[in-house]
>>> print(open('target06.txt').read())   # compact mmCIF, C-alpha atoms
# COMPACT_ATOMS: atom_id res chain seq x y z
CA MET A 146 30.84 -11.02 -18.49
CA THR A 147 27.22 -11.98 -18.08
CA THR A 148 26.32 -15.11 -16.16
CA LYS A 149 23.15 -17.05 -16.79
CA ARG A 150 21.72 -15.64 -13.56
CA ASP A 151 22.49 -12.04 -14.57
CA GLN A 152 20.80 -12.65 -17.90
CA SER A 153 17.58 -13.97 -16.40
CA ASP A 154 17.52 -11.04 -13.97
CA ALA A 155 17.96 -8.58 -16.80
CA ASP A 156 14.84 -10.04 -18.42
CA GLU A 157 12.96 -9.41 -15.20
CA SER A 158 14.08 -5.80 -14.80
CA GLY A 159 11.49 -3.71 -13.07
CA ARG A 160 9.30 -6.73 -12.41
CA PHE A 161 8.76 -5.55 -8.81
CA ALA A 162 8.68 -1.81 -9.52
CA TYR A 163 4.86 -1.77 -9.15
CA ASP A 164 4.34 1.34 -11.27
CA GLY A 165 0.58 0.84 -10.98
CA LEU A 166 0.67 1.64 -7.26
CA ASP A 167 0.13 5.41 -7.60
CA ARG A 168 1.50 7.19 -4.52
CA ALA A 169 -1.57 9.43 -4.31
CA LEU A 170 -3.61 6.30 -3.53
CA HIS A 171 -1.00 3.99 -1.98
CA GLU A 172 -0.75 5.72 1.37
CA LYS A 173 -2.36 4.07 4.36
CA ALA A 174 -4.62 6.99 5.40
CA ARG A 175 -5.66 7.82 1.82
CA LEU A 176 -6.35 4.14 1.11
CA GLY A 177 -8.69 4.21 4.12
CA ILE A 178 -10.40 7.41 2.92
CA LEU A 179 -10.92 6.00 -0.57
CA ALA A 180 -12.21 2.67 0.77
CA SER A 181 -14.68 4.54 3.01
CA LEU A 182 -15.91 6.66 0.10
CA VAL A 183 -16.25 3.75 -2.32
CA ALA A 184 -18.56 2.13 0.24
CA HIS A 185 -20.67 5.33 0.44
CA PRO A 186 -21.51 6.50 -3.12
CA ASP A 187 -23.56 9.46 -1.84
CA GLY A 188 -20.53 10.77 0.02
CA LEU A 189 -19.61 11.17 3.66
CA ARG A 190 -19.57 14.19 5.91
CA PHE A 191 -16.13 15.32 7.08
CA GLY A 192 -16.83 14.18 10.64
CA GLU A 193 -18.02 10.75 9.51
CA LEU A 194 -14.90 10.24 7.44
CA ARG A 195 -12.69 11.39 10.31
CA ALA A 196 -14.27 8.80 12.62
CA LEU A 197 -14.21 5.94 10.09
CA CYS A 198 -10.53 6.54 9.34
CA ALA A 199 -9.52 7.46 12.91
CA LEU A 200 -7.77 10.63 11.69
CA THR A 201 -7.39 14.06 13.25
CA ASP A 202 -9.00 17.08 11.58
CA GLY A 203 -5.60 18.27 10.38
CA ASN A 204 -4.51 14.93 8.95
CA LEU A 205 -7.82 14.33 7.22
CA SER A 206 -7.67 17.83 5.65
CA ARG A 207 -4.14 17.29 4.46
CA HIS A 208 -4.94 13.94 2.84
CA LEU A 209 -8.13 15.31 1.28
CA ASP A 210 -6.05 18.10 -0.29
CA VAL A 211 -3.81 15.49 -1.93
CA LEU A 212 -6.82 13.50 -3.16
CA ARG A 213 -8.59 16.59 -4.46
CA GLU A 214 -5.43 17.81 -6.19
CA ALA A 215 -5.28 14.41 -7.93
CA ARG A 216 -8.98 14.81 -8.91
CA LEU A 217 -9.93 11.68 -6.98
CA VAL A 218 -12.45 13.30 -4.64
CA GLU A 219 -14.74 16.34 -4.71
CA MET A 220 -15.97 18.38 -1.77
CA TRP A 221 -19.25 20.24 -1.24
CA LYS A 222 -20.31 22.73 1.39
CA GLY A 223 -23.85 23.20 2.66
CA PHE A 224 -26.03 23.39 5.76
CA GLU A 225 -27.81 20.65 7.69
CA ARG A 226 -30.04 21.73 10.56
CA ARG A 227 -28.44 25.21 10.21
CA ARG A 228 -24.98 23.84 10.81
CA PRO A 229 -22.31 24.04 8.10
CA GLN A 230 -21.28 20.68 6.74
CA THR A 231 -18.67 19.47 4.28
CA LEU A 232 -19.52 16.48 2.12
CA VAL A 233 -16.79 14.43 0.44
CA ARG A 234 -17.47 12.21 -2.57
CA LEU A 235 -15.40 10.09 -4.94
CA THR A 236 -15.28 11.55 -8.47
CA PRO A 237 -16.00 9.18 -11.40
CA GLU A 238 -12.27 9.37 -12.19
CA GLY A 239 -11.52 8.59 -8.54
CA ARG A 240 -13.68 5.48 -8.69
CA ARG A 241 -12.00 4.37 -11.91
CA ARG A 242 -8.47 4.93 -10.62
CA PHE A 243 -9.17 3.39 -7.22
CA THR A 244 -10.56 0.31 -8.99
CA ALA A 245 -7.40 0.04 -11.14
CA TYR A 246 -5.27 0.46 -8.00
CA LEU A 247 -7.17 -2.29 -6.15
CA GLU A 248 -6.77 -4.62 -9.13
CA GLU A 249 -3.00 -4.02 -9.08
CA LEU A 250 -2.96 -4.67 -5.33
CA GLU A 251 -4.86 -7.90 -5.95
CA ARG A 252 -2.16 -9.02 -8.40
CA VAL A 253 0.57 -8.23 -5.85
CA VAL A 254 -1.17 -10.29 -3.17
CA ARG A 255 -2.03 -13.16 -5.53
CA GLU A 256 1.60 -13.43 -6.55
CA ALA A 257 3.40 -12.84 -3.25
CA LEU A 258 1.13 -14.47 -0.67
CA PRO A 259 1.57 -18.10 -1.82
CA LYS A 260 5.35 -17.58 -1.79
CA ALA A 261 5.23 -15.98 1.66
CA THR A 262 3.15 -18.75 3.23
CA ARG A 263 4.94 -21.66 1.56
CA THR A 264 6.76 -23.56 4.33
CA PRO A 265 9.96 -21.56 4.43
CA ASN A 266 12.79 -23.87 3.47
CA ARG A 267 15.82 -22.73 5.37
CA ALA A 268 17.98 -20.50 3.22
CA ARG A 269 21.10 -22.27 1.97
CA PRO A 270 24.10 -21.62 4.22
CA LEU A 271 26.38 -18.91 2.86
CA PRO A 272 29.86 -19.90 1.63
CA PRO A 273 32.72 -19.44 4.14
CA GLY A 274 33.93 -15.87 4.48
CA TRP A 275 30.56 -14.10 4.28
CA GLN A 276 29.93 -11.73 7.17
CA PRO A 277 26.90 -9.80 8.43
CA ALA A 278 27.03 -6.36 6.80
CA MET B 290 -28.21 15.15 19.69
CA THR B 291 -27.28 11.89 18.02
CA THR B 292 -29.07 10.84 14.85
CA LYS B 293 -29.38 7.22 13.82
CA ARG B 294 -26.71 7.80 11.18
CA ASP B 295 -24.28 9.30 13.71
CA GLN B 296 -24.88 6.30 15.96
CA SER B 297 -24.13 3.72 13.31
CA ASP B 298 -20.98 5.65 12.33
CA ALA B 299 -19.84 5.73 15.93
CA ASP B 300 -20.06 1.93 15.97
CA GLU B 301 -17.84 1.84 12.92
CA SER B 302 -15.17 4.16 14.30
CA GLY B 303 -11.76 3.34 12.95
CA ARG B 304 -13.16 0.72 10.60
CA PHE B 305 -10.98 2.09 7.78
CA ALA B 306 -7.93 2.98 9.87
CA TYR B 307 -6.06 -0.11 8.60
CA ASP B 308 -3.72 -0.36 11.57
CA GLY B 309 -2.37 -3.62 10.16
CA LEU B 310 -0.76 -1.79 7.25
CA ASP B 311 2.60 -1.13 8.92
CA ARG B 312 4.30 1.87 7.28
CA ALA B 313 7.66 0.07 7.20
CA LEU B 314 6.09 -2.38 4.73
CA HIS B 315 3.32 -0.30 3.14
CA GLU B 316 5.52 1.81 0.90
CA LYS B 317 5.63 1.08 -2.81
CA ALA B 318 9.41 0.56 -3.13
CA ARG B 319 9.68 -1.48 0.10
CA LEU B 320 6.69 -3.60 -0.94
CA GLY B 321 8.60 -4.36 -4.17
CA ILE B 322 11.79 -5.21 -2.25
CA LEU B 323 9.93 -7.55 0.12
CA ALA B 324 8.04 -9.22 -2.73
CA SER B 325 11.33 -9.79 -4.58
CA LEU B 326 12.95 -11.29 -1.49
CA VAL B 327 10.01 -13.54 -0.61
CA ALA B 328 10.34 -15.02 -4.11
CA HIS B 329 14.08 -15.66 -3.54
CA PRO B 330 14.55 -17.41 -0.17
CA ASP B 331 18.34 -17.64 -0.62
CA GLY B 332 18.56 -13.88 -0.95
CA LEU B 333 19.40 -11.50 -3.76
CA ARG B 334 22.53 -9.55 -4.52
CA PHE B 335 22.21 -5.78 -4.21
CA GLY B 336 22.45 -5.31 -7.99
CA GLU B 337 19.80 -7.94 -8.68
CA LEU B 338 17.40 -6.29 -6.24
CA ARG B 339 18.10 -2.87 -7.74
CA ALA B 340 17.21 -4.17 -11.23
CA LEU B 341 14.10 -6.09 -10.14
CA CYS B 342 12.74 -3.04 -8.29
CA ALA B 343 13.98 -0.45 -10.80
CA LEU B 344 15.57 1.61 -8.02
CA THR B 345 18.72 3.71 -7.92
CA ASP B 346 21.62 2.70 -5.65
CA GLY B 347 20.75 5.51 -3.25
CA ASN B 348 17.05 4.75 -3.05
CA LEU B 349 17.61 1.03 -2.60
CA SER B 350 20.14 1.71 0.21
CA ARG B 351 17.76 4.07 1.94
CA HIS B 352 14.84 1.60 1.82
CA LEU B 353 17.07 -1.29 2.93
CA ASP B 354 18.10 0.80 5.95
CA VAL B 355 14.43 1.16 6.93
CA LEU B 356 13.79 -2.56 6.44
CA ARG B 357 16.91 -3.55 8.37
CA GLU B 358 16.07 -1.15 11.19
CA ALA B 359 12.66 -2.86 11.38
CA ARG B 360 14.44 -6.27 11.48
CA LEU B 361 12.69 -7.37 8.28
CA VAL B 362 15.83 -8.01 6.23
CA GLU B 363 19.44 -8.97 6.92
CA MET B 364 22.49 -8.16 4.84
CA TRP B 365 25.71 -10.10 4.30
CA LYS B 366 28.99 -9.10 2.71
CA GLY B 367 31.33 -11.45 0.88
CA PHE B 368 33.26 -12.02 -2.33
CA GLU B 369 32.27 -13.68 -5.58
CA ARG B 370 34.93 -14.08 -8.22
CA ARG B 371 37.07 -11.69 -6.13
CA ARG B 372 34.47 -8.95 -6.33
CA PRO B 373 32.74 -7.70 -3.18
CA GLN B 374 29.05 -8.49 -3.08
CA THR B 375 26.20 -7.65 -0.74
CA LEU B 376 23.49 -10.24 -0.26
CA VAL B 377 20.06 -9.29 1.10
CA ARG B 378 17.72 -11.84 2.69
CA LEU B 379 14.37 -11.74 4.45
CA THR B 380 14.65 -12.57 8.16
CA PRO B 381 12.21 -15.16 9.60
CA GLU B 382 10.47 -12.23 11.34
CA GLY B 383 10.39 -10.38 8.00
CA ARG B 384 8.68 -13.32 6.34
CA ARG B 385 6.15 -13.56 9.15
CA ARG B 386 5.34 -9.85 9.16
CA PHE B 387 5.23 -9.59 5.37
CA THR B 388 2.78 -12.52 5.33
CA ALA B 389 0.55 -10.78 7.91
CA TYR B 390 0.75 -7.56 5.88
CA LEU B 391 -0.25 -9.35 2.66
CA GLU B 392 -3.18 -10.98 4.45
CA GLU B 393 -4.37 -7.54 5.62
CA LEU B 394 -3.99 -6.22 2.06
CA GLU B 395 -6.03 -9.17 0.83
CA ARG B 396 -8.84 -8.24 3.23
CA VAL B 397 -8.77 -4.61 1.99
CA VAL B 398 -9.04 -5.72 -1.63
CA ARG B 399 -11.69 -8.34 -0.92
CA GLU B 400 -13.84 -5.76 0.80
CA ALA B 401 -13.31 -2.70 -1.41
CA LEU B 402 -13.00 -4.16 -4.91
CA PRO B 403 -16.60 -5.47 -5.24
CA LYS B 404 -17.87 -2.06 -4.11
CA ALA B 405 -15.57 -0.24 -6.53
CA THR B 406 -16.55 -2.32 -9.54
CA ARG B 407 -20.28 -2.46 -8.79
CA THR B 408 -22.00 -0.45 -11.55
CA PRO B 409 -21.73 3.01 -10.01
CA ASN B 410 -25.24 4.26 -9.36
CA ARG B 411 -25.14 7.99 -9.82
CA ALA B 412 -24.83 9.75 -6.46
CA ARG B 413 -28.10 11.28 -5.29
CA PRO B 414 -28.34 14.96 -6.24
CA LEU B 415 -27.44 17.26 -3.35
CA PRO B 416 -30.18 19.40 -1.78
CA PRO B 417 -30.46 23.00 -3.07
CA GLY B 418 -27.89 25.37 -1.60
CA TRP B 419 -24.89 23.02 -1.58
CA GLN B 420 -21.84 24.45 -3.35
CA PRO B 421 -18.50 23.03 -4.47
CA ALA B 422 -16.04 23.64 -1.62
>>> encode(input="target06.txt", output="structure tokens")
Amino acid sequence: MTTKRDQSDADESGRFAYDGLDRALHEKARLGILASLVAHPDGLRFGELRALCALTDGNLSRHLDVLREARLVEMWKGFERRRPQTLVRLTPEGRRRFTAYLEELERVVREALPKATRTPNRARPLPPGWQPA
Amino acid sequence: MTTKRDQSDADESGRFAYDGLDRALHEKARLGILASLVAHPDGLRFGELRALCALTDGNLSRHLDVLREARLVEMWKGFERRRPQTLVRLTPEGRRRFTAYLEELERVVREALPKATRTPNRARPLPPGWQPA
């Protein structure tokens, strides 16, 4: 027994699954790292990235591992004024995938924000007998 | 010893920390659940939500627990055509916080997307001696 409402929902299956929001990128700290790097095409030193994203050494390392594993960033080691430095840069693939991710995010916002800010009509009262679960 | 670059970075500390992206909301499945609910002010039945978000029963339950704990959604139990149903609705606080979250997301996209899509100038070559880490 399929009601009209069931039918229209079936047509919309997965409409809010957001498959384009790759979990490697859609994590608050990694989103911050990628946004920092996209604004600095020549790369950022580890310490600069740590400050910009307000992360600890350990957290930044852990998130960079995930991003490097996913081929989104590359890391280089060298010396500046005799001190060892690590430089982090977006890979070309990282830039491409971050762009696609941001475009998906833009679609989410464009669709949901007008609905969220529309003067919220009060929800219809529930029929008698419904109880808080 | 603080170089000019260090100084300007210090001023930008935490600029990409994105504190507004609350982890209760900034999770792919929960973002989908909230976007579904904001589009349906009278609420959605559990099965409808599961289909729209392409989640399993277990995953949907787990994410609803997080959202309910955070007072973003409320759940009601009742009967329709003698069958038990669970209805999920956004709370007024949920609508307010989801709106604030979407506005933060909009700022992220507005800032990062133009940088991501700008024709990527090749990164400057690294000085001699730098090695892949």
>>> residues_around(input="target06.txt", residues="A:Leu258", least_positions_apart="5", cutoff="9 Å", atoms="all atoms listed in the file", output="ChimeraX atom specification")
/A:253,263 /B:324,327,387-388,391-392
>>> interface_residues(input="target06.txt", of="chain B", to="chain A", cutoff="7 Å", atoms="all atoms listed in the file", output="NGL selection string")
:B and (298 or 301-307 or 310 or 317-318 or 321 or 324-325 or 327-328 or 330-331 or 337 or 340-343 or 364-367 or 384 or 388 or 391 or 395 or 398 or 401-402 or 404-406 or 412-413 or 418-422)
>>> atom_distance(input="target06.txt", atom1="atom CA of B:Glu358", atom2="atom CA of B:Phe335")
17.2 Å
>>> atom_distance(input="target06.txt", atom1="atom CA of A:Glu238", atom2="atom CA of A:Ala215")
9.6 Å
>>> axis_aligned_box(input="target06.txt", around="stretch 320-329 of chain B", padding_each_side="4 Å", output="AutoDock Vina command-line options")
--center_x 10.4 --center_y -9.6 --center_z -2.2 --size_x 15.4 --size_y 20.1 --size_z 12.7
>>> atom_distance(input="target06.txt", atom1="atom CA of B:Leu353", atom2="atom CA of B:Arg334")
12.4 Å
>>> build_atoms(input="target06.txt", residues="stretch 180-191 of chain A", atoms="all heavy atoms", output="CSV table (one decimal), keeping the file's coordinate frame")
chain,number,residue,atom,x,y,z
A,180,ALA,N,-11.4,3.9,0.5
A,180,ALA,CA,-12.2,2.7,0.8
A,180,ALA,C,-13.5,3.1,1.5
A,180,ALA,O,-14.6,2.5,1.2
A,180,ALA,CB,-11.4,1.7,1.6
A,181,SER,N,-13.5,4.0,2.4
A,181,SER,CA,-14.7,4.5,3.0
A,181,SER,C,-15.6,5.1,2.0
A,181,SER,O,-16.8,4.9,2.0
A,181,SER,CB,-14.4,5.7,4.0
A,181,SER,OG,-13.4,5.3,5.0
A,182,LEU,N,-15.1,6.0,1.1
A,182,LEU,CA,-15.9,6.7,0.1
A,182,LEU,C,-16.5,5.7,-0.9
A,182,LEU,O,-17.6,5.9,-1.4
A,182,LEU,CB,-15.1,7.8,-0.6
A,182,LEU,CG,-14.7,8.9,0.3
A,182,LEU,CD1,-13.8,9.9,-0.4
A,182,LEU,CD2,-15.9,9.7,0.9
A,183,VAL,N,-15.7,4.7,-1.3
A,183,VAL,CA,-16.2,3.8,-2.3
A,183,VAL,C,-17.4,3.0,-1.7
A,183,VAL,O,-18.3,2.5,-2.5
A,183,VAL,CB,-15.1,2.8,-2.9
A,183,VAL,CG1,-14.9,1.6,-2.1
A,183,VAL,CG2,-15.4,2.5,-4.3
A,184,ALA,N,-17.5,2.8,-0.4
A,184,ALA,CA,-18.6,2.1,0.2
A,184,ALA,C,-19.8,3.1,0.5
A,184,ALA,O,-20.8,2.6,0.9
A,184,ALA,CB,-18.1,1.5,1.6
A,185,HIS,N,-19.6,4.3,0.2
A,185,HIS,CA,-20.7,5.3,0.4
A,185,HIS,C,-20.8,6.2,-0.8
A,185,HIS,O,-20.3,7.4,-0.8
A,185,HIS,CB,-20.4,6.2,1.7
A,185,HIS,CG,-20.3,5.4,3.0
A,185,HIS,ND1,-19.2,4.8,3.4
A,185,HIS,CD2,-21.3,5.1,3.9
A,185,HIS,CE1,-19.4,4.1,4.6
A,185,HIS,NE2,-20.7,4.3,4.9
A,186,PRO,N,-21.5,5.8,-1.9
A,186,PRO,CA,-21.5,6.5,-3.1
A,186,PRO,C,-22.1,7.9,-3.0
A,186,PRO,O,-21.8,8.8,-3.8
A,186,PRO,CB,-22.4,5.6,-4.0
A,186,PRO,CG,-22.5,4.3,-3.4
A,186,PRO,CD,-22.2,4.5,-1.9
A,187,ASP,N,-23.0,8.1,-2.0
A,187,ASP,CA,-23.6,9.5,-1.8
A,187,ASP,C,-22.6,10.4,-1.1
A,187,ASP,O,-23.0,11.6,-0.8
A,187,ASP,CB,-24.9,9.4,-1.1
A,187,ASP,CG,-26.0,8.8,-2.0
A,187,ASP,OD1,-25.9,9.1,-3.3
A,187,ASP,OD2,-26.9,8.1,-1.6
A,188,GLY,N,-21.5,9.9,-0.7
A,188,GLY,CA,-20.5,10.8,0.0
A,188,GLY,C,-20.6,10.6,1.5
A,188,GLY,O,-21.6,10.0,2.1
A,189,LEU,N,-19.7,11.2,2.2
A,189,LEU,CA,-19.6,11.2,3.7
A,189,LEU,C,-19.3,12.6,4.2
A,189,LEU,O,-18.6,13.3,3.5
A,189,LEU,CB,-18.5,10.2,4.1
A,189,LEU,CG,-18.7,8.7,4.0
A,189,LEU,CD1,-17.4,8.0,4.2
A,189,LEU,CD2,-19.8,8.3,5.1
A,190,ARG,N,-19.9,12.9,5.3
A,190,ARG,CA,-19.6,14.2,5.9
A,190,ARG,C,-18.2,14.1,6.5
A,190,ARG,O,-17.7,13.0,6.9
A,190,ARG,CB,-20.6,14.5,7.0
A,190,ARG,CG,-21.9,15.0,6.4
A,190,ARG,CD,-22.9,15.2,7.5
A,190,ARG,NE,-23.6,13.9,7.9
A,190,ARG,CZ,-24.4,13.7,8.9
A,190,ARG,NH1,-24.6,14.7,9.7
A,190,ARG,NH2,-25.0,12.6,9.1
A,191,PHE,N,-17.5,15.3,6.6
A,191,PHE,CA,-16.1,15.3,7.1
A,191,PHE,C,-16.0,14.6,8.4
A,191,PHE,O,-15.1,13.7,8.6
A,191,PHE,CB,-15.7,16.8,7.2
A,191,PHE,CG,-14.3,17.0,7.6
A,191,PHE,CD1,-13.3,17.2,6.6
A,191,PHE,CD2,-13.8,17.0,8.9
A,191,PHE,CE1,-12.0,17.4,6.9
A,191,PHE,CE2,-12.5,17.2,9.2
A,191,PHE,CZ,-11.6,17.4,8.2
